[in-house]
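S.K.: Data: structure07.cif, mmCIF, C-alpha atoms.
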```
data_run
loop_
_atom_site.label_atom_id
_atom_site.label_comp_id
_atom_site.auth_asym_id
_atom_site.auth_seq_id
_atom_site.Cartn_x
_atom_site.Cartn_y
_atom_site.Cartn_z
CA MET Y 55 136.87 109.71 95.73
CA ILE Y 56 139.60 109.61 93.10
CA LYS Y 57 138.50 110.21 89.55
CA ILE Y 58 140.09 108.29 86.68
CA GLN Y 59 139.73 110.20 83.46
CA LYS Y 60 141.72 109.71 80.28
CA ASN Y 61 144.33 107.62 82.12
CA ARG Y 62 144.83 110.29 84.75
CA LEU Y 63 144.11 109.97 88.45
CA LEU Y 64 142.64 113.15 89.89
CA THR Y 65 141.80 114.14 93.43
CA GLU Y 66 138.40 115.67 94.22
CA GLU Y 67 140.09 119.05 93.93
CA GLY Y 68 141.08 118.19 90.37
CA LYS Y 69 144.78 117.76 91.05
CA VAL Y 70 146.46 115.15 88.83
CA ILE Y 71 148.29 112.71 91.08
CA LYS Y 72 149.26 110.13 88.49
CA THR Y 73 149.11 109.31 84.82
CA LEU Y 74 148.54 105.64 84.00
CA SER Y 75 150.87 104.66 81.22
CA CYS Y 76 151.17 100.87 80.99
CA PRO Y 77 151.31 99.95 77.28
CA LEU Y 78 150.50 96.31 78.03
CA ARG Y 79 147.06 94.83 78.49
CA ILE Y 80 147.51 93.28 81.91
CA SER Y 81 145.17 90.76 83.52
CA ASN Y 82 145.44 88.85 86.79
CA ALA Y 83 147.28 86.07 84.98
CA ASP Y 84 150.15 88.48 84.32
CA LEU Y 85 150.74 89.13 88.03
CA ASP Y 86 152.54 86.69 90.30
CA ARG Y 87 150.19 87.30 93.26
CA PRO Y 88 147.20 89.22 91.87
CA GLN Y 89 145.22 89.39 95.11
CA ALA Y 90 148.18 90.34 97.35
CA PRO Y 91 148.95 93.94 98.41
CA GLU Y 92 151.94 93.90 96.08
CA SER Y 93 152.84 91.68 93.18
CA GLN Y 94 155.31 91.47 90.38
CA CYS Y 95 154.35 91.93 86.78
CA LEU Y 96 155.43 88.82 84.90
CA ARG Y 97 155.69 90.79 81.68
CA CYS Y 98 157.88 93.71 82.76
CA ASN Y 99 159.10 92.63 86.22
CA ARG Y 100 157.92 95.85 87.85
CA LYS Y 101 156.37 95.89 91.29
CA VAL Y 102 152.62 96.51 91.11
CA VAL Y 103 150.74 97.90 94.11
CA ASN Y 104 147.23 96.53 94.51
CA THR Y 105 145.02 99.50 95.39
CA ASP Y 106 142.31 97.15 96.70
CA TRP Y 107 144.28 97.24 99.94
CA LEU Y 108 144.62 101.03 100.20
CA SER Y 109 142.41 103.79 101.48
CA GLU Y 110 142.13 106.95 99.44
CA LEU Y 111 144.47 108.77 101.85
CA GLN Y 112 147.02 105.97 101.72
CA LEU Y 113 146.96 106.01 97.93
CA VAL Y 114 147.39 109.76 97.68
CA ALA Y 115 150.31 109.62 100.14
CA LEU Y 116 151.91 106.80 98.17
CA LEU Y 117 151.68 108.74 94.91
CA GLU Y 118 152.98 111.96 96.48
CA GLU Y 119 156.04 110.00 97.52
CA ASP Y 120 156.48 108.28 94.15
CA PRO Y 121 154.10 109.15 91.30
CA SER Y 122 155.71 106.50 89.12
CA THR Y 123 154.39 103.72 91.36
CA CYS Y 124 152.72 101.10 89.22
CA LEU Y 125 149.13 100.49 90.35
CA LYS Y 126 146.55 97.79 89.93
CA ILE Y 127 143.11 99.38 90.09
CA ASN Y 128 139.83 97.53 90.31
CA ARG Y 129 137.10 99.49 88.53
CA TYR Y 130 134.68 98.30 91.21
CA ASN Y 131 136.70 99.79 94.07
CA PRO Y 132 134.44 102.48 95.57
CA ILE Y 133 137.36 104.89 96.15
CA PHE Y 134 137.54 105.35 92.37
CA GLN Y 135 135.16 106.87 89.87
CA VAL Y 136 136.00 105.83 86.34
CA VAL Y 137 134.91 108.39 83.77
CA GLU Y 138 134.86 106.75 80.35
CA MET R 847 128.32 93.04 91.75
CA GLU R 848 127.18 93.24 88.17
CA PHE R 849 129.58 93.56 85.27
CA ASN R 850 128.46 95.05 81.97
CA VAL R 851 130.55 94.33 78.90
CA ARG R 852 132.57 97.26 77.65
CA PHE R 853 132.50 97.82 73.93
CA ASP R 854 132.48 100.84 71.69
CA ARG R 855 128.82 101.63 71.15
CA SER R 856 129.56 104.68 69.03
CA TYR R 857 130.14 102.75 65.81
CA MET R 858 128.25 99.59 66.68
CA THR R 859 124.57 99.58 67.47
CA PRO R 860 123.69 95.89 67.41
CA ARG R 861 120.17 94.58 67.65
CA THR R 862 119.25 93.16 71.05
CA VAL R 863 118.70 89.54 72.00
CA LYS R 864 116.12 89.24 74.76
CA THR R 865 116.07 86.58 77.45
CA VAL R 866 112.85 84.99 78.68
CA PHE R 867 112.14 82.58 81.50
CA ALA R 868 108.55 81.42 80.91
CA LEU R 869 107.03 79.22 78.22
CA ASP R 870 104.12 81.58 77.57
CA GLU R 871 106.64 84.30 76.73
CA VAL R 872 108.58 81.87 74.54
CA ASN R 873 105.41 80.93 72.66
CA GLU R 874 104.41 84.56 72.23
CA PHE R 875 107.73 85.35 70.54
CA ILE R 876 107.57 82.19 68.42
CA SER R 877 104.10 83.21 67.22
CA GLN R 878 105.60 86.53 66.15
CA GLY R 879 108.21 84.71 64.06
CA HIS R 880 111.19 84.89 66.38
CA MET R 881 113.76 82.14 66.76
CA VAL R 882 114.40 81.07 70.36
CA LEU R 883 117.41 79.26 71.79
CA PHE R 884 116.90 77.30 75.00
CA GLU R 885 119.70 76.99 77.51
CA LYS R 886 119.97 75.43 80.95
CA VAL R 887 120.63 77.76 83.85
CA LYS R 888 123.58 76.29 85.69
CA PRO R 889 125.14 77.90 88.76
CA ASN R 890 128.88 78.46 88.43
CA LYS R 891 130.85 77.12 91.39
CA LYS R 892 133.13 80.17 91.19
CA LEU R 893 130.21 82.40 92.19
CA TYR R 894 129.74 80.73 95.54
CA SER R 895 131.17 82.38 98.64
CA LYS R 896 131.77 80.37 101.75
CA GLY R 897 132.09 81.70 105.25
CA PHE R 898 130.71 81.56 108.73
CA ILE R 899 128.40 83.42 111.05
CA PHE R 900 130.28 84.23 114.22
CA GLN R 901 128.72 85.49 117.47
CA SER R 902 130.52 87.66 119.98
CA ALA R 903 130.87 86.12 123.42
CA LYS R 904 130.95 89.65 124.84
CA ASP R 905 127.80 91.31 123.43
CA SER R 906 126.15 88.53 121.34
CA ARG R 907 126.57 90.55 118.12
CA CYS R 908 126.67 88.38 115.00
CA ILE R 909 128.93 88.96 112.02
CA PHE R 910 129.83 87.21 108.77
CA ALA R 911 133.46 86.38 108.10
CA PRO R 912 135.14 84.11 105.57
CA SER R 913 137.19 82.46 108.34
CA ARG R 914 138.66 83.21 111.75
CA HIS R 915 141.69 84.85 110.14
CA PHE R 916 141.00 87.10 107.19
CA PRO R 917 142.32 90.24 105.46
CA VAL R 918 140.56 93.55 106.02
CA GLN R 919 140.67 96.11 103.24
CA HIS R 920 142.48 99.01 104.91
CA SER R 921 143.87 97.48 108.06
CA GLY R 922 145.75 94.26 107.38
CA TRP R 923 144.52 91.05 108.96
CA GLU R 924 141.85 90.42 111.56
CA THR R 925 141.60 87.40 113.79
CA LEU R 926 138.44 86.22 115.54
CA SER R 927 139.72 84.29 118.53
CA GLU R 928 137.86 81.25 119.79
CA ASP R 929 137.65 82.89 123.23
CA GLU R 930 135.80 85.95 121.90
CA TRP R 931 133.84 84.62 118.92
CA ASN R 932 131.71 81.50 118.70
CA GLU R 933 131.12 79.92 115.32
CA VAL R 934 127.35 79.74 114.79
CA MET R 935 127.28 77.96 111.44
CA PRO R 936 129.00 77.75 108.07
CA ILE R 937 127.09 79.43 105.26
CA THR R 938 127.29 79.52 101.48
CA GLU R 939 126.04 82.36 99.33
CA TYR R 940 125.60 82.62 95.58
CA ALA R 941 126.43 85.94 93.94
CA ARG R 942 123.85 85.88 91.13
CA GLU R 943 120.71 84.98 93.03
CA ARG R 944 118.58 85.02 89.90
CA SER R 945 120.18 81.84 88.66
CA LEU R 946 118.97 79.91 91.68
CA ASN R 947 115.35 80.65 90.74
CA TYR R 948 115.37 79.13 87.24
CA THR R 949 116.45 75.89 85.64
CA TRP R 950 116.23 77.10 82.06
CA ALA R 951 115.94 80.26 80.01
CA ALA R 952 115.78 81.11 76.34
CA TYR R 953 117.35 83.72 74.11
CA VAL R 954 114.97 85.39 71.69
CA LEU R 955 116.67 86.47 68.49
CA PRO R 956 115.53 89.56 66.61
CA LEU R 957 113.49 88.81 63.51
CA ALA R 958 115.39 87.55 60.45
CA PRO R 959 118.82 87.21 62.00
CA GLU R 960 121.64 87.20 59.49
CA VAL R 961 124.52 84.73 59.72
CA GLY R 962 127.49 86.71 60.99
CA GLU R 963 125.30 89.38 62.58
CA THR R 964 126.48 90.63 65.96
CA PHE R 965 123.93 91.09 68.73
CA TYR R 966 123.85 92.67 72.15
CA VAL R 967 122.60 90.11 74.68
CA GLU R 968 121.00 92.11 77.46
CA ASP R 969 120.59 89.31 79.98
CA LEU R 970 123.24 86.58 79.87
CA ILE R 971 121.94 83.13 80.82
CA GLU R 972 125.35 81.72 81.64
CA ASP R 973 126.89 82.68 84.97
CA ILE R 974 130.43 83.98 84.45
CA LEU R 975 132.78 85.24 87.15
CA VAL R 976 134.70 88.18 85.72
CA SER R 977 136.57 89.41 88.76
CA GLU R 978 136.37 89.87 92.50
CA PHE R 979 136.63 92.81 94.85
CA TRP R 980 137.30 91.57 98.36
CA GLU R 981 134.32 89.42 99.27
CA SER R 982 132.28 90.60 96.29
CA LYS R 983 132.01 88.46 93.19
CA ILE R 984 131.75 90.45 89.98
CA TYR R 985 129.65 88.53 87.48
CA ALA R 986 128.68 89.21 83.89
CA VAL R 987 125.10 90.22 83.16
CA ASP R 988 125.23 90.91 79.43
CA GLY R 989 127.28 90.13 76.35
CA ILE R 990 128.11 90.53 72.70
CA ALA R 991 127.52 87.52 70.46
CA THR R 992 127.59 86.64 66.80
CA TRP R 993 124.95 84.45 65.18
CA ASN R 994 126.50 81.61 63.16
CA GLY R 995 123.26 80.22 61.85
CA SER R 996 122.73 77.73 64.65
CA ALA R 997 124.13 79.28 67.84
CA LEU R 998 125.27 82.49 69.44
CA LYS R 999 129.05 82.73 69.74
CA PHE R 1000 129.88 85.04 72.60
CA ARG R 1001 132.93 87.27 72.67
CA ARG R 1002 134.56 85.62 75.67
CA GLU R 1003 137.47 88.05 75.82
CA LEU R 1004 135.05 90.70 77.09
CA TYR R 1005 134.83 88.73 80.34
CA ASP R 1006 138.58 88.67 80.99
CA SER R 1007 139.49 89.86 84.49
CA GLY R 1008 141.54 92.58 82.81
CA GLU R 1009 138.26 94.23 81.82
CA CYS R 1010 137.77 95.17 85.49
CA MET R 1011 141.35 96.25 85.97
CA ILE R 1012 143.46 99.20 85.12
CA VAL R 1013 147.20 98.77 85.49
CA GLY R 1014 149.73 101.47 85.06
#
```
Any chance you could put this one into structure tokens?
M.R.:
Amino acid sequence: MIKIQKNRLLTEEGKVIKTLSCPLRISNADLDRPQAPESQCLRCNRKVVNTDWLSELQLVALLEEDPSTCLKINRYNPIFQVVE
Amino acid sequence: MEFNVRFDRSYMTPRTVKTVFALDEVNEFISQGHMVLFEKVKPNKKLYSKGFIFQSAKDSRCIFAPSRHFPVQHSGWETLSEDEWNEVMPITEYARERSLNYTWAAYVLPLAPEVGETFYVEDLIEDILVSEFWESKIYAVDGIATWNGSALKFRRELYDSGECMIVG
């Protein structure tokens, strides 16, 4: 399980694999295809990867390759634990 | 799946509005001096999920699927061919089952509500779809509302799909 704490994504070993840094408040209406594996943000034009489609291993591999990848994370996705 | 509104409870500790579903409970609260607000319980069409029961021609195992061709979370798309899977029947499910058991409910306000006072509503009567996760509908179960003297005005922005999302 990947922990999300203070805008950081951490592996179970506590390694930080990404820092979430979007300054915009994005909702599904801001994405051109919000349910698709990838979509484009209509506010900044960046590609956004929908983590609903990824396993934990796939996500970690993706972020090792490019930690700046923009992610869409559903709080109800069981691969994540959101620590408020 | 249930969605609870996210708000900063550290500086705001609102009084709680209860929800009741039986007239004897309503009358009990009225006798104690509470104000009650009746509301119809109406299913929201967005909370219905449609799909089919399919049965394997090979081993008779039955499964639910939204269609014969559907996305699978970690492995792309799956197809249930007509040769291998027989459609048993179409089915419809409602995410918030509770709402199918009642036709009305009532909010019970705390005693002496003040106009402009903000309340925490622990059991929302209205059915609101907040977001979805694959086949799961994520619906609101509570809320924050302000009393205007005649009705509760809910903070609708707390049910925006962005409340379930983190982007960055």
S.K.: So what do you get for CA of Gln135 in chain Y versus CA of Pro917 in chain R, distance-wise?
M.R.: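 So the answer is 23.9 Å.
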S.K.: I'd like the interatomic distance between CA of Cys95 in chain Y and CA of Glu1003 in chain R, to a tenth of an Å.
M.R.: 20.5 Å
S.K.: Could you tell me which of R:Arg855, R:Val863, R:Gly962, R:Lys999 comes closest to Phe875 in chain R if we count all atoms listed in the file?
M.R.: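 Nearest candidate to Phe875 in chain R out of R:Arg855, R:Val863, R:Gly962, R:Lys999: R:Val863.
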S.K.: In Å to one decimal, how far is CA of Leu975 in chain R from CA of Gln919 in chain R?
M.R.: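 CA of Leu975 in chain R lies 21.0 Å from CA of Gln919 in chain R.
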S.K.: Check every residue of chain R for an atom within 7 Å of chain Y, counting all atoms listed in the file, and provide those that qualify as a list in words.
M.R.: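 That gives the following set of residues: Gln919, His920, Phe979, Ser1007, Gly1008, Cys1010, Met1011, Ile1012, Val1013 and Gly1014 of chain R.
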S.K.: Just write the chosen residues, C-alpha atoms, as a PDB file, in the frame of the given file.
M.R.:
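Result written to again_5.pdb:
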```
ATOM      1  CA  GLN R 919     140.670  96.110 103.240  1.00  0.00           C
ATOM      2  CA  HIS R 920     142.480  99.010 104.910  1.00  0.00           C
ATOM      3  CA  PHE R 979     136.630  92.810  94.850  1.00  0.00           C
ATOM      4  CA  SER R1007     139.490  89.860  84.490  1.00  0.00           C
ATOM      5  CA  GLY R1008     141.540  92.580  82.810  1.00  0.00           C
ATOM      6  CA  CYS R1010     137.770  95.170  85.490  1.00  0.00           C
ATOM      7  CA  MET R1011     141.350  96.250  85.970  1.00  0.00           C
ATOM      8  CA  ILE R1012     143.460  99.200  85.120  1.00  0.00           C
ATOM      9  CA  VAL R1013     147.200  98.770  85.490  1.00  0.00           C
ATOM     10  CA  GLY R1014     149.730 101.470  85.060  1.00  0.00           C
TER      11      GLY R1014
END
```
S.K.: Care to translate the PyMOL selection byres ((chain R and resi 880-884) around 6) into actual residues of this file, as a list in words?
M.R.: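 For this structure, the PyMOL selection byres ((chain R and resi 880-884) around 6) resolves to Phe875, Ile876, Gln878, Gly879, Glu885, Ala951, Ala952, Tyr953, Val954, Leu955 and Leu957 of chain R.
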S.K.: Residues near range 930-946 of chain R, anyone? I mean within 9 Å using all atoms listed in the file, not counting same-chain ones fewer than 5 positions away, as a VMD selection string.
M.R.: chain R and resid 847 to 848 887 to 891 893 to 904 906 908 910 914 971 to 973 982 to 985
S.K.: Could you write out as an NGL selection string the residues that the PyMOL selection byres ((chain Y and resi 63) around 10) matches in the shown file?
M.R.: :Y and (56-62 or 64-66 or 68-74 or 114 or 134-136)
S.K.: Using only C-alpha atoms, determine which residues lie at most 8 Å from Thr992 in chain R, disregarding the query and same-chain residues fewer than 3 positions distant; provide the list as a list in words.
M.R.: Val961, Gly962, Glu963, Thr964, Phe965, Leu998, Lys999, Phe1000 and Arg1001 of chain R
S.K.: Which residue gives the smallest distance to Ser913 in chain R among R:Asn873, R:Ala986, R:Glu981, R:Pro956, with all atoms listed in the file counted?
M.R.: R:Glu981
S.K.: Considering all atoms listed in the file, return as a ChimeraX atom specification whatever protein or nucleic-acid residues lie within 7 Å of range 987-989 of chain R, sequence-local ones (same chain, fewer than 4 positions apart) excluded.
M.R.: /R:848-851,966-970,1000
